[in-house]
Amino acid sequence: CWEVRKHNSSEWCHFIRSNLDCRLDGGFLDYLDGVFCVFPPQLLPVAVTLYALWLLYLFIILGVTAEKFFCPNLSAISTNLKLSHNVAAFSLTSPLYGVTFLAFGNGAPDVFSAVVAFSDPRTAGLAIGAIFGAGVFVTTVVAGGIALVKPFTAASRPFLRDVIFYMVAVFLTFMVLYFGRIKLGEALGYLGLYVFYVLTVVLCTWIHRRQRGDGLPPPGAWEPEMPTDMEEPESSGTNSGDYGEEYRPLLPSRESSLRILTTALSPLDYRKWRRKPWYWRLFKAFKVPVELVLLLTVPVVDPDKDDQNWKRPLNCLHILTSPLLCILTLKSGAYGLYQIQGVFPVWALVTLVASALALIIFITTSNEEPPKYHCVFAFLGFLASAMWINAAATELVNILRTLGIIFQLSNTVLGLTLLAWGNSIGDTFSDLTMARQGYPRMAFSACFGGIIFNILVGVGLGCLLQMTGSQPLVKLEPDSPLVWVLAGALGLSLVFSFVTVPAQCFQLGNAYGICLIAYYLVFLCVALLTEFRVIHFS
């Protein structure tokens with residue numbers, strides 16, 4: 001399909017529609033057909049501009065869904081499963097929560113993007129580029145930024161453990177790319193290595209706690225700082241600061257169902273709106289349509305609230321909208337539009353059943369008290385938000401492939417730049433904010449611990465889902481020499497930190513941060529020069 005720009009502009013549309021390689025699998029919009037058939041050739045810059053804006057909006061959708069809906073429901077599920085993340089409780093479930101549920105919540109956009117990209121051999125380079133590119137970005141720019149924002153003493157044993165596991169994961173991926181395919185056993189090996197990593201974290205934490213007793217003394221030189229409940233700067237409740245929670249009346253009052261519904265569906269807190277600067281208002285204005293649609297389709301359970309975020313009219317509406325969302329986004333609506341016996345569509349059947357169930361729940365519950373089965377809504381919200389993330393990730397991969405064809409760029413360079421930057425921007429702001437608030441060791445640990453989940457689960461699960469009984473392997477042939485630059489740069493950055501951090505007695509400051517950021521800039525220059533064939537590799 002890359003040959004389309006070599007033809008006369010009058011032949012672009014015919015070439016796109018007649019070439020099987022130009023068909024985009026999945027997704028709701030055909031971006032190639034749009035740019036080469038709907039827009040005339042002279043308006044190609046306009047089409048590219050619109051696609052770039054839509055790409056940015058897709059990143060906003062991914063970020064909002066993961067932050068305000070996916071992660072809170074994961075937290076509620078972990079609470080209902082008794083996976084407490086209260087550090088003062090000192091149970092082994094604290095590290096288990098951090099390296100499973102919390103890692104899954106933070107890495108959801110990366111993992112879903114990787115799974116979608118691996119679903120098509122033509123876009124597998126996007127996944128490799130994004131996973132490696134995000135790894136280089138986080139371990140250099142973000143880690144270096146933390147050291148610049150607040151110099152600190154790194155937690156030695158967790159740091160060495162995470163870096164060693166990550167280097168093993170990068171080496172395994174390098175070998176898979178070298179041989180050009182991944183078999184069933186190797187895909188399971190990725191997931192098995194992550195399970196081993198989780199068990200190692202839990203075991204190390206248990207040993208450390210046994211050594212120091214069951215108290216909560218100040219963290220040592222090798223233990224990351226963890227805020228207790230009294231130290232947390234702000235509540236972890238879902239949407240606690242966004243939708244007017246601080247203005248809740250002191251005395252409870254009975255509200256009508258209509259008022260509860262309209263209040264719950266309002267993504268704006270007008271008092272907060274007036275206090276914020278103009279750029280916050282501008283960004284919020286872009287997020288409001290996304291938040292409104294998500295509020296309509298994704299329930300959120302918050303165990304930290306007295307009512308657990310129970311909104312009877314809205315939650316009953318979710319009984320209808322969430323299942324419809326799931327079937328209409330799965331396989332781009334193919335299952336939802338399927339007609340039973342060629343007569344009755346699946347979406348209509350789901351609508352009837354869900355409406356009856358919503359009516360029963362509305363009649364048998366009250367506005368003031370959540371039902372005993374309210375925790376089920378956390379699982380429904382988790383599934384619905386996962387479907388939203390998957391749908392946005394599918395569109396994201398398709399539009400990046402389209403931009404690659406337009407500009408004659410490899411999927412790998414798009415993955416290591418646009419996709420990696422977009423998926424990492426949320427982690428960057430959260431880690432730097434955490435460091436600024438006085439927890440640089442926790443933020444630094446997140447740089448190396450979080451991306452282990454992304455590479456092991458992203459590659460392992462992404463490839464495993466594409467395997468069939470007749471063909472238990474996935475071909476991963478590099479689409480450009482840039483892949484080897486990426487793998488080498490990531491491995492070298494890890495080795496650099498593995499050597500220099502202990503050499504500084506784990507005291508990290510401005511020099512370390514400047515070196516890491518300079519390293520990333522050099523890597524980016526080499527990668528782009530390789531992509532544009534200024535630098536050649538035999």
# chains A, B, ... in the order shown; residues from 1 in each chain; ligands from 1
call {"tool": "residues_around", "arguments": {"residues": "Leu29 in chain A", "least_positions_apart": "4", "cutoff": "9 Å", "atoms": "only C-alpha atoms", "output": "number ranges by chain"}}
result
A: 24, 33-34, 395, 398
call {"tool": "closest_atom_pairs", "arguments": {"of": "range 331-424 of chain A", "to": "range 125-143 of chain A", "cutoff": "12 Å", "atoms": "only C-alpha atoms", "output": "JSON lines"}}
result
{"residue": "A:Ala393", "atom": "CA", "partner": "A:Ala127", "partner_atom": "CA", "distance": 11.3}
{"residue": "A:Thr394", "atom": "CA", "partner": "A:Leu126", "partner_atom": "CA", "distance": 11.9}
{"residue": "A:Leu396", "atom": "CA", "partner": "A:Leu126", "partner_atom": "CA", "distance": 10.5}
{"residue": "A:Val397", "atom": "CA", "partner": "A:Leu126", "partner_atom": "CA", "distance": 7.6}
{"residue": "A:Asn398", "atom": "CA", "partner": "A:Leu126", "partner_atom": "CA", "distance": 10.2}
{"residue": "A:Ile399", "atom": "CA", "partner": "A:Leu126", "partner_atom": "CA", "distance": 11.4}
{"residue": "A:Leu400", "atom": "CA", "partner": "A:Leu126", "partner_atom": "CA", "distance": 8.4}
{"residue": "A:Arg401", "atom": "CA", "partner": "A:Leu126", "partner_atom": "CA", "distance": 8.2}
{"residue": "A:Thr402", "atom": "CA", "partner": "A:Leu126", "partner_atom": "CA", "distance": 12.0}
{"residue": "A:Gly404", "atom": "CA", "partner": "A:Leu126", "partner_atom": "CA", "distance": 10.2}
{"residue": "A:Leu409", "atom": "CA", "partner": "A:Leu126", "partner_atom": "CA", "distance": 11.1}
{"residue": "A:Ser410", "atom": "CA", "partner": "A:Gly125", "partner_atom": "CA", "distance": 7.8}
{"residue": "A:Asn411", "atom": "CA", "partner": "A:Leu126", "partner_atom": "CA", "distance": 4.8}
{"residue": "A:Thr412", "atom": "CA", "partner": "A:Gly129", "partner_atom": "CA", "distance": 4.4}
{"residue": "A:Val413", "atom": "CA", "partner": "A:Gly129", "partner_atom": "CA", "distance": 6.4}
{"residue": "A:Leu414", "atom": "CA", "partner": "A:Leu126", "partner_atom": "CA", "distance": 6.6}
{"residue": "A:Gly415", "atom": "CA", "partner": "A:Ala130", "partner_atom": "CA", "distance": 4.1}
{"residue": "A:Leu416", "atom": "CA", "partner": "A:Gly133", "partner_atom": "CA", "distance": 4.0}
{"residue": "A:Thr417", "atom": "CA", "partner": "A:Gly133", "partner_atom": "CA", "distance": 6.9}
{"residue": "A:Leu418", "atom": "CA", "partner": "A:Ala130", "partner_atom": "CA", "distance": 8.3}
{"residue": "A:Leu419", "atom": "CA", "partner": "A:Ala130", "partner_atom": "CA", "distance": 5.7}
{"residue": "A:Ala420", "atom": "CA", "partner": "A:Ala130", "partner_atom": "CA", "distance": 4.6}
{"residue": "A:Trp421", "atom": "CA", "partner": "A:Ala134", "partner_atom": "CA", "distance": 6.8}
{"residue": "A:Gly422", "atom": "CA", "partner": "A:Ala134", "partner_atom": "CA", "distance": 9.2}
{"residue": "A:Asn423", "atom": "CA", "partner": "A:Ala134", "partner_atom": "CA", "distance": 7.7}
{"residue": "A:Ser424", "atom": "CA", "partner": "A:Ala134", "partner_atom": "CA", "distance": 6.4}
call {"tool": "write_last_selection", "arguments": {"atoms": "C-alpha atoms", "output": "compact mmCIF listing (two decimals), in the first residue's frame"}}
result
# COMPACT_ATOMS: atom_id res chain seq x y z
CA ALA A 393 -6.78 2.08 20.53
CA THR A 394 -8.08 0.47 17.31
CA LEU A 396 -5.40 5.10 17.01
CA VAL A 397 -3.51 2.26 15.32
CA ASN A 398 -5.45 2.68 12.06
CA ILE A 399 -4.87 6.43 11.86
CA LEU A 400 -1.15 6.02 12.62
CA ARG A 401 -0.87 3.45 9.82
CA THR A 402 -2.64 5.90 7.50
CA GLY A 404 2.66 6.30 7.84
CA LEU A 409 7.18 6.40 7.31
CA SER A 410 7.68 2.98 8.88
CA ASN A 411 5.33 1.80 11.59
CA THR A 412 8.29 1.56 13.95
CA VAL A 413 9.10 5.29 13.85
CA LEU A 414 5.43 6.17 14.35
CA GLY A 415 5.34 3.80 17.31
CA LEU A 416 8.47 5.15 19.00
CA THR A 417 7.34 8.78 18.55
CA LEU A 418 3.61 9.52 18.37
CA LEU A 419 2.24 6.35 19.97
CA ALA A 420 4.93 6.13 22.65
CA TRP A 421 4.69 9.84 23.53
CA GLY A 422 0.91 9.79 23.60
CA ASN A 423 0.71 6.74 25.85
CA SER A 424 3.49 8.01 28.14
call {"tool": "closest_residue", "arguments": {"among": "A:Tyr51, A:Arg441, A:Ile389, A:Asn315", "to": "Leu508 in chain A", "atoms": "only C-alpha atoms"}}
result
A:Arg441
call {"tool": "closest_residue", "arguments": {"among": "A:Ala391, A:Leu43, A:Val48, A:Val288", "to": "Phe407 in chain A", "atoms": "only C-alpha atoms"}}
result
A:Val48
call {"tool": "residues_around", "arguments": {"residues": "Glu291 in chain A", "least_positions_apart": "4", "cutoff": "9 Å", "atoms": "only C-alpha atoms", "output": "list in words"}}
result
Ile61, Val64, Thr65, Lys68, Leu265, Ser266, Pro267, Lys287, Leu295 and Leu296 of chain A
call {"tool": "closest_residue", "arguments": {"among": "A:Ala334, A:Asn80, A:Val202, A:Gly438", "to": "Lys372 in chain A", "atoms": "only C-alpha atoms"}}
result
A:Asn80
call {"tool": "residues_around", "arguments": {"residues": "range 489-505 of chain A", "least_positions_apart": "4", "cutoff": "10 Å", "atoms": "only C-alpha atoms", "output": "PyMOL selection string"}}
result
chain A and resi 132-137+139-140+143+153-154+156+159-160+163-164+166-168+170-171+174+221+448+483-485+509+512+515-516+519-520+522-524+526-527
call {"tool": "select_by_dssp", "arguments": {"residues": "range 249-418 of chain A", "states": "strand (DSSP E or B)", "output": "PyMOL selection string"}}
result
chain A and resi 339-340+344-345
call {"tool": "closest_residue", "arguments": {"among": "A:Phe506, A:Phe59, A:Phe453, A:Phe15", "to": "Phe196 in chain A", "atoms": "only C-alpha atoms"}}
result
A:Phe453
call {"tool": "atom_distance", "arguments": {"atom1": "CA of Gly63 in chain A", "atom2": "CA of Trp310 in chain A"}}
result
23.9 Å
call {"tool": "atom_distance", "arguments": {"atom1": "CA of Ala155 in chain A", "atom2": "CA of Ala511 in chain A"}}
result
18.3 Å
